[in-house]
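Structure file entry-v6.txt (compact mmCIF, C-alpha atoms) is printed below.
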```
# COMPACT_ATOMS: atom_id res chain seq x y z
CA MET A 10 139.48 61.70 118.18
CA THR A 11 138.19 63.53 115.12
CA ALA A 12 134.60 62.75 114.16
CA PRO A 13 134.16 61.31 110.67
CA ALA A 14 132.88 63.59 107.95
CA PRO A 15 129.12 63.33 107.38
CA THR A 16 127.91 61.37 104.39
CA SER A 17 124.58 61.19 102.61
CA ALA A 18 123.96 57.91 104.40
CA SER A 19 124.47 59.51 107.84
CA PRO A 20 123.86 63.29 107.56
CA THR A 21 124.33 65.53 110.57
CA ALA A 22 121.88 68.14 111.83
CA ARG A 23 124.09 70.91 110.44
CA HIS A 24 124.18 69.24 107.03
CA LEU A 25 120.38 68.88 106.98
CA TRP A 26 119.99 72.53 107.99
CA ARG A 27 122.27 73.73 105.19
CA ARG A 28 120.26 71.77 102.64
CA ALA A 29 116.84 72.86 103.90
CA ARG A 30 117.46 76.48 104.92
CA GLY A 31 116.58 77.88 101.49
CA LEU A 32 113.14 76.27 101.46
CA LEU A 33 112.51 77.21 105.10
CA LEU A 34 113.45 80.83 104.39
CA ALA A 35 111.07 80.98 101.41
CA ALA A 36 108.25 79.49 103.50
CA ALA A 37 108.92 81.98 106.29
CA ILE A 38 108.82 84.92 103.86
CA ILE A 39 105.48 83.73 102.44
CA ALA A 40 104.01 83.29 105.93
CA VAL A 41 105.17 86.73 107.09
CA THR A 42 103.77 88.32 103.92
CA ALA A 43 100.40 86.64 104.48
CA VAL A 44 100.24 87.82 108.10
CA ALA A 45 101.23 91.36 107.11
CA LEU A 46 98.57 91.53 104.41
CA ALA A 47 95.97 90.17 106.80
CA ALA A 48 96.91 92.75 109.43
CA LEU A 49 96.80 95.61 106.94
CA ARG A 50 93.41 94.49 105.67
CA SER A 51 91.89 93.68 109.05
CA GLY A 52 90.02 96.97 109.09
CA ASP A 53 89.45 97.43 105.35
CA GLU A 54 86.47 95.19 104.94
CA ASN A 55 84.32 94.87 101.84
CA GLY A 56 83.74 98.23 100.10
CA ALA A 57 82.32 101.74 100.07
CA LEU A 58 79.26 102.52 102.23
CA ASP A 59 79.55 99.14 103.92
CA PRO A 60 78.91 99.13 107.69
CA ARG A 61 81.72 96.58 108.12
CA SER A 62 84.35 98.71 106.40
CA ALA A 63 86.76 100.95 108.29
CA ALA A 64 88.18 102.31 105.04
CA PRO A 65 87.81 106.07 104.36
CA TYR A 66 84.75 105.48 102.18
CA GLY A 67 83.23 102.79 104.41
CA SER A 68 80.50 103.37 107.00
CA LYS A 69 81.71 101.47 110.05
CA ALA A 70 81.80 104.67 112.12
CA VAL A 71 78.07 105.19 111.54
CA PHE A 72 77.43 101.57 112.53
CA ARG A 73 79.34 102.08 115.79
CA LEU A 74 77.38 105.24 116.62
CA LEU A 75 74.08 103.51 115.97
CA SER A 76 75.11 100.53 118.12
CA GLU A 77 75.94 102.86 121.02
CA HIS A 78 72.42 104.29 120.75
CA GLY A 79 70.76 100.87 120.80
CA VAL A 80 70.09 100.51 117.07
CA ARG A 81 70.67 97.00 115.70
CA THR A 82 72.17 96.92 112.20
CA LYS A 83 71.64 93.96 109.91
CA VAL A 84 73.16 93.56 106.44
CA LEU A 85 70.77 92.08 103.88
CA THR A 86 72.01 90.61 100.60
CA ASP A 87 68.95 88.69 99.43
CA PRO A 88 65.65 90.27 98.33
CA GLU A 89 63.83 87.50 100.20
CA GLN A 90 65.50 88.62 103.42
CA LEU A 91 64.24 92.13 102.78
CA HIS A 92 60.70 90.83 102.32
CA THR A 93 60.70 88.96 105.64
CA SER A 94 62.62 91.52 107.74
CA VAL A 95 60.92 94.84 106.93
CA GLY A 96 58.35 96.19 109.36
CA PRO A 97 57.01 99.46 110.78
CA ASP A 98 59.85 99.55 113.35
CA THR A 99 62.67 99.23 110.79
CA THR A 100 64.70 101.65 108.72
CA VAL A 101 65.98 100.46 105.32
CA ILE A 102 69.03 102.11 103.79
CA VAL A 103 69.95 101.44 100.15
CA PRO A 104 73.53 102.65 99.43
CA PHE A 105 73.49 101.85 95.71
CA PRO A 106 69.91 101.99 94.42
CA ASP A 107 71.03 102.59 90.82
CA SER A 108 72.73 99.17 90.69
CA LEU A 109 69.62 97.19 91.62
CA GLY A 110 68.25 94.73 89.11
CA ASP A 111 64.60 94.17 88.38
CA ASP A 112 63.98 91.64 91.15
CA PRO A 113 65.77 93.56 93.95
CA ARG A 114 64.10 96.78 92.82
CA THR A 115 60.66 95.16 92.90
CA ALA A 116 61.36 93.71 96.36
CA LEU A 117 62.50 97.12 97.60
CA ARG A 118 59.47 98.92 96.18
CA THR A 119 57.16 96.44 97.91
CA ALA A 120 59.05 96.65 101.19
CA THR A 121 59.12 100.45 101.15
CA ARG A 122 55.35 100.53 101.66
CA ARG A 123 55.74 98.59 104.94
CA SER A 124 58.94 100.07 106.38
CA GLY A 125 59.14 102.80 108.97
CA ARG A 126 61.68 104.66 106.84
CA THR A 127 63.52 104.05 103.57
CA VAL A 128 66.74 105.97 102.86
CA LEU A 129 67.92 106.09 99.24
CA LEU A 130 71.45 107.35 98.64
CA ALA A 131 71.93 109.39 95.46
CA PRO A 132 69.30 107.71 93.21
CA ASN A 133 69.44 108.92 89.61
CA PRO A 134 66.31 110.07 87.71
CA GLN A 135 65.45 106.58 86.43
CA THR A 136 65.79 104.97 89.86
CA THR A 137 63.85 107.76 91.54
CA ALA A 138 60.97 107.36 89.09
CA ALA A 139 60.96 103.57 89.57
CA LEU A 140 60.98 103.60 93.39
CA THR A 141 58.97 106.72 94.24
CA GLN A 142 56.03 108.75 92.97
CA GLY A 143 55.79 112.46 92.24
CA ILE A 144 59.50 113.22 92.68
CA ARG A 145 61.58 114.93 90.01
CA THR A 146 65.39 114.71 89.83
CA ALA A 147 67.65 117.55 88.69
CA ASP A 148 71.29 117.52 87.62
CA PRO A 149 73.79 116.97 90.45
CA ALA A 150 75.50 119.86 92.23
CA GLN A 151 78.96 119.93 93.80
CA VAL A 152 79.17 118.59 97.34
CA ARG A 153 79.92 121.31 99.87
CA THR A 154 78.93 122.44 103.34
CA THR A 155 75.28 123.49 103.16
CA ALA A 156 72.80 124.90 105.67
CA PRO A 157 69.59 122.92 106.33
CA ALA A 158 67.13 125.72 105.47
CA CYS A 159 64.08 123.62 106.36
CA GLY A 160 61.87 122.69 109.27
CA LEU A 161 62.81 118.98 109.48
CA PRO A 162 63.83 118.44 113.15
CA ALA A 163 66.71 116.12 112.26
CA ALA A 164 68.21 118.65 109.84
CA HIS A 165 67.59 121.55 112.21
CA ARG A 166 69.44 119.80 115.06
CA ALA A 167 72.31 118.66 112.82
CA GLY A 168 72.93 122.07 111.29
CA ASP A 169 75.35 122.44 108.39
CA ALA A 170 76.31 119.21 106.60
CA ASP A 171 78.28 118.11 103.53
CA LEU A 172 75.60 117.62 100.89
CA GLY A 173 75.18 118.02 97.16
CA GLY A 174 74.86 115.56 94.30
CA PHE A 175 71.41 114.97 92.79
CA ARG A 176 68.71 117.47 93.62
CA TYR A 177 65.05 116.58 94.15
CA SER A 178 61.71 118.35 94.11
CA THR A 179 58.12 117.28 94.73
CA VAL A 180 54.64 118.77 94.76
CA ALA A 181 53.71 116.93 97.97
CA LYS A 182 52.71 119.54 100.55
CA ASP A 183 53.84 117.58 103.61
CA ALA A 184 57.36 116.87 102.22
CA ASP A 185 60.50 118.37 103.76
CA SER A 186 62.99 119.89 101.32
CA CYS A 187 66.33 120.51 103.05
CA TYR A 188 69.85 121.61 102.16
CA LEU A 189 68.68 123.46 99.07
CA ARG A 190 70.90 124.06 96.07
CA ASP A 191 69.41 126.40 93.45
CA GLY A 192 65.96 125.93 94.95
CA LYS A 193 66.01 122.12 94.94
CA ALA A 194 66.63 119.82 97.86
CA THR A 195 69.66 117.59 98.31
CA LEU A 196 67.78 115.98 101.23
CA LEU A 197 64.12 115.27 100.57
CA ARG A 198 61.79 113.53 103.01
CA VAL A 199 58.47 112.34 101.63
CA PRO A 200 55.90 110.66 103.91
CA HIS A 201 54.42 107.40 102.74
CA ALA A 202 50.98 108.00 101.28
CA ASP A 203 48.11 105.55 101.52
CA PRO A 204 46.30 105.31 98.14
CA ALA A 205 43.01 105.40 100.05
CA GLY A 206 43.74 108.80 101.55
CA PRO A 207 45.67 109.58 104.75
CA SER A 208 49.39 109.19 105.11
CA THR A 209 50.98 106.37 107.06
CA ALA A 210 53.67 106.77 109.69
CA GLY A 211 56.51 105.78 107.36
CA ASP A 212 58.54 107.97 105.03
CA THR A 213 61.19 107.91 102.31
CA VAL A 214 64.36 110.01 102.49
CA LEU A 215 66.44 110.80 99.40
CA LEU A 216 70.01 112.02 99.89
CA GLY A 217 71.65 113.56 96.83
CA SER A 218 75.12 112.46 98.01
CA PRO A 219 76.32 109.77 100.46
CA ASP A 220 79.21 111.95 101.75
CA PRO A 221 77.78 112.45 105.28
CA LEU A 222 77.92 108.67 105.86
CA TYR A 223 81.57 108.18 104.89
CA ASN A 224 84.03 107.43 107.68
CA LYS A 225 86.32 110.21 106.42
CA HIS A 226 83.58 112.88 106.66
CA LEU A 227 81.54 111.73 109.65
CA ASP A 228 83.36 113.96 112.16
CA GLU A 229 82.94 117.09 110.02
CA HIS A 230 80.22 119.70 110.59
CA GLY A 231 76.84 118.08 111.38
CA ASN A 232 77.36 114.92 109.33
CA ALA A 233 77.38 112.55 112.32
CA SER A 234 74.25 114.06 113.86
CA LEU A 235 72.37 114.03 110.55
CA SER A 236 73.36 110.41 109.78
CA LEU A 237 72.47 109.23 113.28
CA GLN A 238 69.03 110.85 113.20
CA LEU A 239 68.16 109.69 109.69
CA LEU A 240 69.23 106.09 110.25
CA GLY A 241 68.44 105.73 113.95
CA ALA A 242 64.77 106.65 113.87
CA HIS A 243 63.81 103.01 114.60
CA SER A 244 65.24 100.18 116.69
CA GLN A 245 66.49 98.18 113.70
CA LEU A 246 68.42 99.29 110.63
CA LEU A 247 68.46 97.06 107.54
CA TRP A 248 71.49 97.78 105.35
CA TYR A 249 70.44 96.56 101.90
CA LEU A 250 73.47 95.37 99.84
CA PRO A 251 72.11 92.85 97.35
CA SER A 252 74.81 90.82 95.62
CA THR A 253 75.20 87.55 93.75
CA THR A 254 78.12 86.66 95.99
CA ASP A 255 78.51 86.32 99.71
CA ALA A 256 78.82 89.78 101.21
CA GLY A 257 80.71 88.52 104.23
CA PRO A 258 79.89 88.29 107.91
CA ALA A 259 77.54 90.57 109.73
CA PRO A 260 79.05 93.58 111.51
CA THR A 261 79.06 91.84 114.89
CA GLU A 262 80.33 88.48 113.60
CA GLU A 263 83.92 87.45 114.23
CA ARG A 264 86.05 86.72 111.18
CA GLY A 265 88.79 84.14 110.83
CA PHE A 266 92.36 84.59 109.62
CA LEU A 267 91.55 83.45 106.06
CA ASP A 268 88.77 86.05 105.84
CA LEU A 269 91.38 88.78 106.28
CA LEU A 270 93.48 87.69 103.32
CA PRO A 271 93.09 89.53 100.00
CA SER A 272 90.59 88.07 97.55
CA GLY A 273 93.38 87.27 95.06
CA TRP A 274 95.57 85.49 97.60
CA SER A 275 94.24 82.05 96.64
CA TRP A 276 95.23 82.65 93.00
CA ALA A 277 98.66 83.87 94.07
CA ALA A 278 99.12 80.75 96.20
CA LEU A 279 98.10 78.57 93.23
CA GLN A 280 100.62 80.34 90.98
CA LEU A 281 103.35 79.86 93.58
CA ALA A 282 102.50 76.16 93.82
CA ILE A 283 102.71 75.79 90.02
CA ALA A 284 106.03 77.66 89.98
CA ALA A 285 107.35 75.40 92.75
CA ALA A 286 106.29 72.32 90.78
CA PHE A 287 108.10 73.55 87.67
CA ALA A 288 111.17 74.36 89.75
CA ALA A 289 111.11 70.84 91.19
CA LEU A 290 110.88 69.36 87.70
CA TRP A 291 113.74 71.57 86.55
CA ARG A 292 115.95 70.53 89.47
CA ALA A 293 115.06 66.88 88.90
CA ARG A 294 116.20 66.93 85.26
CA ARG A 295 118.68 64.29 84.11
CA LEU A 296 122.34 65.24 83.97
CA GLY A 297 123.56 65.89 80.45
CA PRO A 298 126.84 64.73 78.90
CA LEU A 299 130.09 66.07 80.32
CA VAL A 300 131.60 69.05 78.50
CA THR A 301 135.36 69.14 78.21
CA GLU A 302 137.11 72.47 78.46
CA GLN A 303 140.66 73.75 78.82
CA LEU A 304 141.14 74.43 82.50
CA PRO A 305 143.21 77.50 83.44
CA VAL A 306 144.95 75.54 86.21
CA GLN A 307 145.82 71.95 86.88
CA VAL A 308 143.41 70.37 89.36
CA PRO A 309 144.63 67.32 91.29
CA ALA A 310 142.77 64.17 90.34
CA ALA A 311 141.71 63.57 93.96
CA GLU A 312 140.08 67.02 94.19
CA ALA A 313 138.33 66.64 90.84
CA THR A 314 137.03 63.21 91.87
CA GLU A 315 135.80 64.52 95.22
CA GLY A 316 134.13 67.51 93.57
CA ARG A 317 132.34 65.30 91.07
CA ALA A 318 131.23 63.00 93.88
CA ARG A 319 129.81 65.94 95.80
CA LEU A 320 127.85 67.05 92.74
CA TYR A 321 126.40 63.56 92.39
CA ARG A 322 125.57 63.55 96.09
CA ARG A 323 123.84 66.95 95.98
CA ALA A 324 121.73 65.86 93.00
CA ASN A 325 121.04 62.40 94.51
CA ALA A 326 122.34 60.98 91.22
CA ARG A 327 123.14 57.49 92.52
CA GLY A 328 122.60 55.99 89.07
CA HIS A 329 125.23 58.25 87.49
CA ALA A 330 127.66 57.60 90.34
CA ALA A 331 127.16 53.84 90.00
CA ASP A 332 127.67 54.02 86.21
CA ALA A 333 130.94 55.94 86.73
CA LEU A 334 132.23 53.35 89.24
CA ARG A 335 131.29 50.39 87.02
CA ALA A 336 132.73 51.99 83.87
CA ALA A 337 136.04 52.68 85.64
CA THR A 338 136.20 49.10 86.93
CA ARG A 339 135.47 47.65 83.48
CA THR A 340 138.14 49.89 81.91
CA ARG A 341 140.77 48.71 84.39
CA LEU A 342 139.82 45.02 84.15
CA ALA A 343 139.45 44.72 80.37
CA PRO A 344 143.21 44.76 79.45
CA ARG A 345 143.92 42.19 82.19
CA ILE A 346 141.42 39.62 80.96
CA GLY A 347 142.21 40.01 77.24
CA VAL A 348 139.24 42.17 76.21
CA PRO A 349 139.88 45.22 73.97
CA LEU A 350 138.92 48.55 75.50
CA ALA A 351 136.37 49.06 72.73
CA GLU A 352 134.55 45.96 74.03
CA ALA A 353 134.97 46.77 77.73
CA HIS A 354 131.44 48.09 78.11
CA ARG A 355 129.68 45.18 76.41
CA SER A 356 128.50 42.45 78.73
CA GLU A 357 128.77 39.80 75.97
CA SER A 358 132.53 40.36 75.84
CA MET A 359 133.33 41.13 79.45
CA ILE A 360 131.34 38.58 81.42
CA PRO A 361 132.68 35.30 79.83
CA ALA A 362 136.31 36.43 79.99
CA LEU A 363 135.94 37.83 83.48
CA ALA A 364 134.15 34.68 84.71
CA ASP A 365 137.16 32.57 83.72
CA GLN A 366 139.60 34.88 85.49
CA ALA A 367 137.34 35.10 88.55
CA ALA A 368 136.99 31.32 88.62
CA ASP A 369 140.76 30.90 88.64
CA ALA A 370 141.05 33.45 91.41
CA SER A 371 138.25 31.82 93.40
CA ASP A 372 140.03 28.43 93.25
CA ALA A 373 142.97 30.04 94.99
CA ASP A 374 141.00 31.67 97.85
CA GLY A 375 138.16 29.14 98.09
CA THR A 376 135.30 31.39 96.88
CA ARG A 377 133.21 31.21 93.71
CA THR A 378 131.80 34.06 91.59
CA GLU A 379 128.96 33.15 89.24
CA PRO A 380 128.49 34.89 85.84
CA ALA A 381 125.05 36.14 86.91
CA ALA A 382 126.58 37.85 89.96
CA LEU A 383 129.30 39.42 87.78
CA ARG A 384 126.67 40.71 85.33
CA SER A 385 124.66 42.25 88.16
CA LEU A 386 127.78 43.80 89.65
CA LEU A 387 129.18 45.35 86.45
CA PHE A 388 126.00 45.96 84.40
CA GLY A 389 123.21 45.90 87.00
CA PRO A 390 120.50 48.43 87.83
CA PRO A 391 121.13 51.64 89.81
CA PRO A 392 121.38 51.25 93.59
CA ARG A 393 118.21 51.88 95.58
CA ASP A 394 119.82 54.11 98.21
CA ASP A 395 123.16 55.44 99.42
CA THR A 396 123.87 52.32 101.47
CA ALA A 397 123.50 50.14 98.37
CA LEU A 398 125.80 52.52 96.46
CA ILE A 399 128.50 52.15 99.13
CA ALA A 400 128.10 48.37 99.06
CA LEU A 401 128.45 48.40 95.25
CA ALA A 402 131.73 50.36 95.51
CA ASP A 403 133.08 47.85 98.04
CA ASP A 404 132.12 44.87 95.85
CA LEU A 405 133.79 46.43 92.79
CA ASP A 406 136.93 47.08 94.80
CA ARG A 407 137.06 43.46 95.99
CA LEU A 408 136.59 42.17 92.44
CA GLU A 409 139.49 44.32 91.18
CA ARG A 410 141.76 43.15 93.97
CA ARG A 411 141.01 39.50 93.18
CA VAL A 412 141.49 39.79 89.42
CA LEU A 413 144.30 42.35 89.24
CA GLY A 414 146.17 40.75 92.13
CA ARG A 415 146.41 37.49 90.15
CA THR A 416 147.33 38.99 86.77
CA GLY A 417 150.12 41.21 88.03
CA PRO A 418 150.65 44.97 88.29
CA TYR A 419 148.49 47.34 86.25
CA THR A 420 149.89 49.14 83.18
CA PRO A 421 148.01 51.85 81.32
CA PRO A 422 146.48 50.83 77.94
CA THR A 423 148.42 51.79 74.83
CA ASP A 424 147.09 53.60 71.75
CA LYS A 425 147.02 50.24 69.96
CA ASP A 426 144.73 48.81 72.63
CA VAL A 427 142.41 51.74 72.39
CA ARG A 428 142.22 51.51 68.59
CA SER A 429 141.53 47.79 68.77
```
Show how you would write the structure in this file as structure tokens.
Amino acid sequence: MTAPAPTSASPTARHLWRRARGLLLAAAIIAVTAVALAALRSGDENGALDPRSAAPYGSKAVFRLLSEHGVRTKVLTDPEQLHTSVGPDTTVIVPFPDSLGDDPRTALRTATRRSGRTVLLAPNPQTTAALTQGIRTADPAQVRTTAPACGLPAAHRAGDADLGGFRYSTVAKDADSCYLRDGKATLLRVPHADPAGPSTAGDTVLLGSPDPLYNKHLDEHGNASLSLQLLGAHSQLLWYLPSTTDAGPAPTEERGFLDLLPSGWSWAALQLAIAAAFAALWRARRLGPLVTEQLPVQVPAAEATEGRARLYRRANARGHAADALRAATRTRLAPRIGVPLAEAHRSESMIPALADQAADASDADGTRTEPAALRSLLFGPPPRDDTALIALADDLDRLERRVLGRTGPYTPPTDKDVRS
């Protein structure tokens, strides 16, 4: 026995899959894209000179080396954190001293007096004058492999390193000027001086270029050794990255899936949602009037009717389908009950005449049809669901059989009837 064809009232699993596969495919593509972007960005955290970034210009490799040697690294983003965290056993590194505002610069200048070491990366003349005393800044030189040429133990052990950028000089006798370019240092270490006289144990280190700390250059020449010795002199390293926004998790903190997504992903998702809403509104638009055209072939009426029904079904246009069924019924009944075709779609003309014919027919089979029921059947509201639409079609068919069966066989309307 052949199974009946599925209908909108009883769809099969295959029918549901065919209708939903487009949306499911789009959702799958979006999900795969999000996972791919998250995987690609899983190591590219934050930005340049950030200890959480594995990008070429990040500094995660330095952070890993320091961790292996027992140095704890902490990222600070708030000047208040700097004030409470700095001590004689800490090293403070400032990757972007030129970008500091007045408040962060003041906090750093105060903290520098209490820190064990402060490392400033490529400060320009204005920043150098604001954060230090007695240091002059010369124009930058090209970064290249340079010999230490000084007695600083860290530079002597590291050997050649990639340095250049701004050059510094000072009149302090106990300063170390290393990696000289045209007589001026691209690495300058100046001990902290007590205004009352003797020097304290702390110092400030100025690097003319941050190249030795980049992930891409750390394994070249003596860059790793120099970076490790400059930043690992104390048990704790404070990486000062002040920002008005959240700088992200600490280097040792686990991050969730959403943290790996690009920063603009939320805006892209919002745009996709808006586009989907507009697409839904476009697909939900009302059907326009039918357009007649000269067909190249003759299409059987049954196929045309079935095709139109499938279009209504795909669009869930139950109201249009019900209107087509009612209009066809009224057109067929009007000539049989004495109503001109021009008046067939007016309830004032159809219902009284049809009620009389239906009453005569009901006397013969013992049933009664009230005018209110006829009005609801032929001019009522759209059906609520597919089941109601099927019931409406059955009721219209029964009404035609009762009326047309009593008045004799059906004959097509003439041109005179149409004009009247």
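Between atom CA of Pro97 of chain A and atom CA of Leu117 of chain A lies a distance of 14.5 Å.
Using all atoms listed in the file, the smallest distance between any of A:Gly211, A:Ser244, A:Ala324, A:Leu129 and Ala289 of chain A comes from A:Ala324.
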4 Å per side around segment 400-405 of chain A: axis-aligned box centre and edge lengths, as AutoDock Vina command-line options:
```
--center_x 130.9 --center_y 47.6 --center_z 95.9 --size_x 13.7 --size_y 13.5 --size_z 14.3
```
Using all atoms listed in the file, collect all residues at a distance of at most 6 Å from (71.1, 104.2, 113.2) as written in the file, then present them as an NGL selection string. :A and (75 or 80 or 237 or 240-241)
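Counting only C-alpha atoms, the residue from A:Gly168, A:Arg384, A:Asp395, A:Ala400 that sits nearest to Asn232 of chain A is A:Gly168.
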Counting all atoms listed in the file, find the residues whose atoms lie at most 12 Å from (133.8, 39.0, 81.6) (file coordinates) and write them out as a VMD selection string. chain A and resid 338 to 340 342 to 349 352 to 368 378 to 388 408 412
Just write the chosen residues, C-alpha atoms, as a tab-separated table (two decimals), in the coordinates of the input.
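Saved result, part_19.tsv, follows:
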```
chain	number	residue	atom	x	y	z
A	338	THR	CA	136.20	49.10	86.93
A	339	ARG	CA	135.47	47.65	83.48
A	340	THR	CA	138.14	49.89	81.91
A	342	LEU	CA	139.82	45.02	84.15
A	343	ALA	CA	139.45	44.72	80.37
A	344	PRO	CA	143.21	44.76	79.45
A	345	ARG	CA	143.92	42.19	82.19
A	346	ILE	CA	141.42	39.62	80.96
A	347	GLY	CA	142.21	40.01	77.24
A	348	VAL	CA	139.24	42.17	76.21
A	349	PRO	CA	139.88	45.22	73.97
A	352	GLU	CA	134.55	45.96	74.03
A	353	ALA	CA	134.97	46.77	77.73
A	354	HIS	CA	131.44	48.09	78.11
A	355	ARG	CA	129.68	45.18	76.41
A	356	SER	CA	128.50	42.45	78.73
A	357	GLU	CA	128.77	39.80	75.97
A	358	SER	CA	132.53	40.36	75.84
A	359	MET	CA	133.33	41.13	79.45
A	360	ILE	CA	131.34	38.58	81.42
A	361	PRO	CA	132.68	35.30	79.83
A	362	ALA	CA	136.31	36.43	79.99
A	363	LEU	CA	135.94	37.83	83.48
A	364	ALA	CA	134.15	34.68	84.71
A	365	ASP	CA	137.16	32.57	83.72
A	366	GLN	CA	139.60	34.88	85.49
A	367	ALA	CA	137.34	35.10	88.55
A	368	ALA	CA	136.99	31.32	88.62
A	378	THR	CA	131.80	34.06	91.59
A	379	GLU	CA	128.96	33.15	89.24
A	380	PRO	CA	128.49	34.89	85.84
A	381	ALA	CA	125.05	36.14	86.91
A	382	ALA	CA	126.58	37.85	89.96
A	383	LEU	CA	129.30	39.42	87.78
A	384	ARG	CA	126.67	40.71	85.33
A	385	SER	CA	124.66	42.25	88.16
A	386	LEU	CA	127.78	43.80	89.65
A	387	LEU	CA	129.18	45.35	86.45
A	388	PHE	CA	126.00	45.96	84.40
A	408	LEU	CA	136.59	42.17	92.44
A	412	VAL	CA	141.49	39.79	89.42
```
Gln135 of chain A: which residues within 9 Å, counting all atoms listed in the file, same-chain residues fewer than 5 positions away excluded, as JSON, numbers by chain? {"A": [107, 140, 146]}
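Our summary of the geometry notes that atom CA of Ala158 of chain A is positioned 15.3 Å from atom CA of His230 of chain A.
The space separating atom CA of Phe105 of chain A from atom CA of Arg166 of chain A comes to 26.7 Å.
Checking A:Leu215, A:Ala167, A:Ala147, A:Val84 one by one against Leu130 of chain A, counting only C-alpha atoms, you find the shortest gap at A:Leu215.
Here the question is which of A:Asp212, A:Thr314, A:Ile39, A:Val199 gets nearest to Arg123 of chain A using only C-alpha atoms, and that residue is A:Asp212.
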Please provide as a JSON list (two decimals) with C-alpha atoms, in the coordinates of the input all residues within 8 Å of segment 175-180 of chain A, with the sequence filter that same-chain residues fewer than 4 positions apart are discarded (counting only C-alpha atoms).
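This is the output file selection_39.json:
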```json
[["chain", "number", "residue", "atom", "x", "y", "z"],
["A", 131, "ALA", "CA", 71.93, 109.39, 95.46],
["A", 132, "PRO", "CA", 69.30, 107.71, 93.21],
["A", 133, "ASN", "CA", 69.44, 108.92, 89.61],
["A", 143, "GLY", "CA", 55.79, 112.46, 92.24],
["A", 144, "ILE", "CA", 59.50, 113.22, 92.68],
["A", 145, "ARG", "CA", 61.58, 114.93, 90.01],
["A", 146, "THR", "CA", 65.39, 114.71, 89.83],
["A", 147, "ALA", "CA", 67.65, 117.55, 88.69],
["A", 148, "ASP", "CA", 71.29, 117.52, 87.62],
["A", 149, "PRO", "CA", 73.79, 116.97, 90.45],
["A", 150, "ALA", "CA", 75.50, 119.86, 92.23],
["A", 184, "ALA", "CA", 57.36, 116.87, 102.22],
["A", 186, "SER", "CA", 62.99, 119.89, 101.32],
["A", 190, "ARG", "CA", 70.90, 124.06, 96.07],
["A", 193, "LYS", "CA", 66.01, 122.12, 94.94],
["A", 194, "ALA", "CA", 66.63, 119.82, 97.86],
["A", 195, "THR", "CA", 69.66, 117.59, 98.31],
["A", 196, "LEU", "CA", 67.78, 115.98, 101.23],
["A", 197, "LEU", "CA", 64.12, 115.27, 100.57],
["A", 215, "LEU", "CA", 66.44, 110.80, 99.40],
["A", 216, "LEU", "CA", 70.01, 112.02, 99.89],
["A", 217, "GLY", "CA", 71.65, 113.56, 96.83],
["A", 218, "SER", "CA", 75.12, 112.46, 98.01]]
```
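When all atoms listed in the file are used to compute distances to Leu74 of chain A, the closest of the residues A:Leu189, A:Lys182, A:Leu25, A:Ser234 turns out to be A:Ser234.
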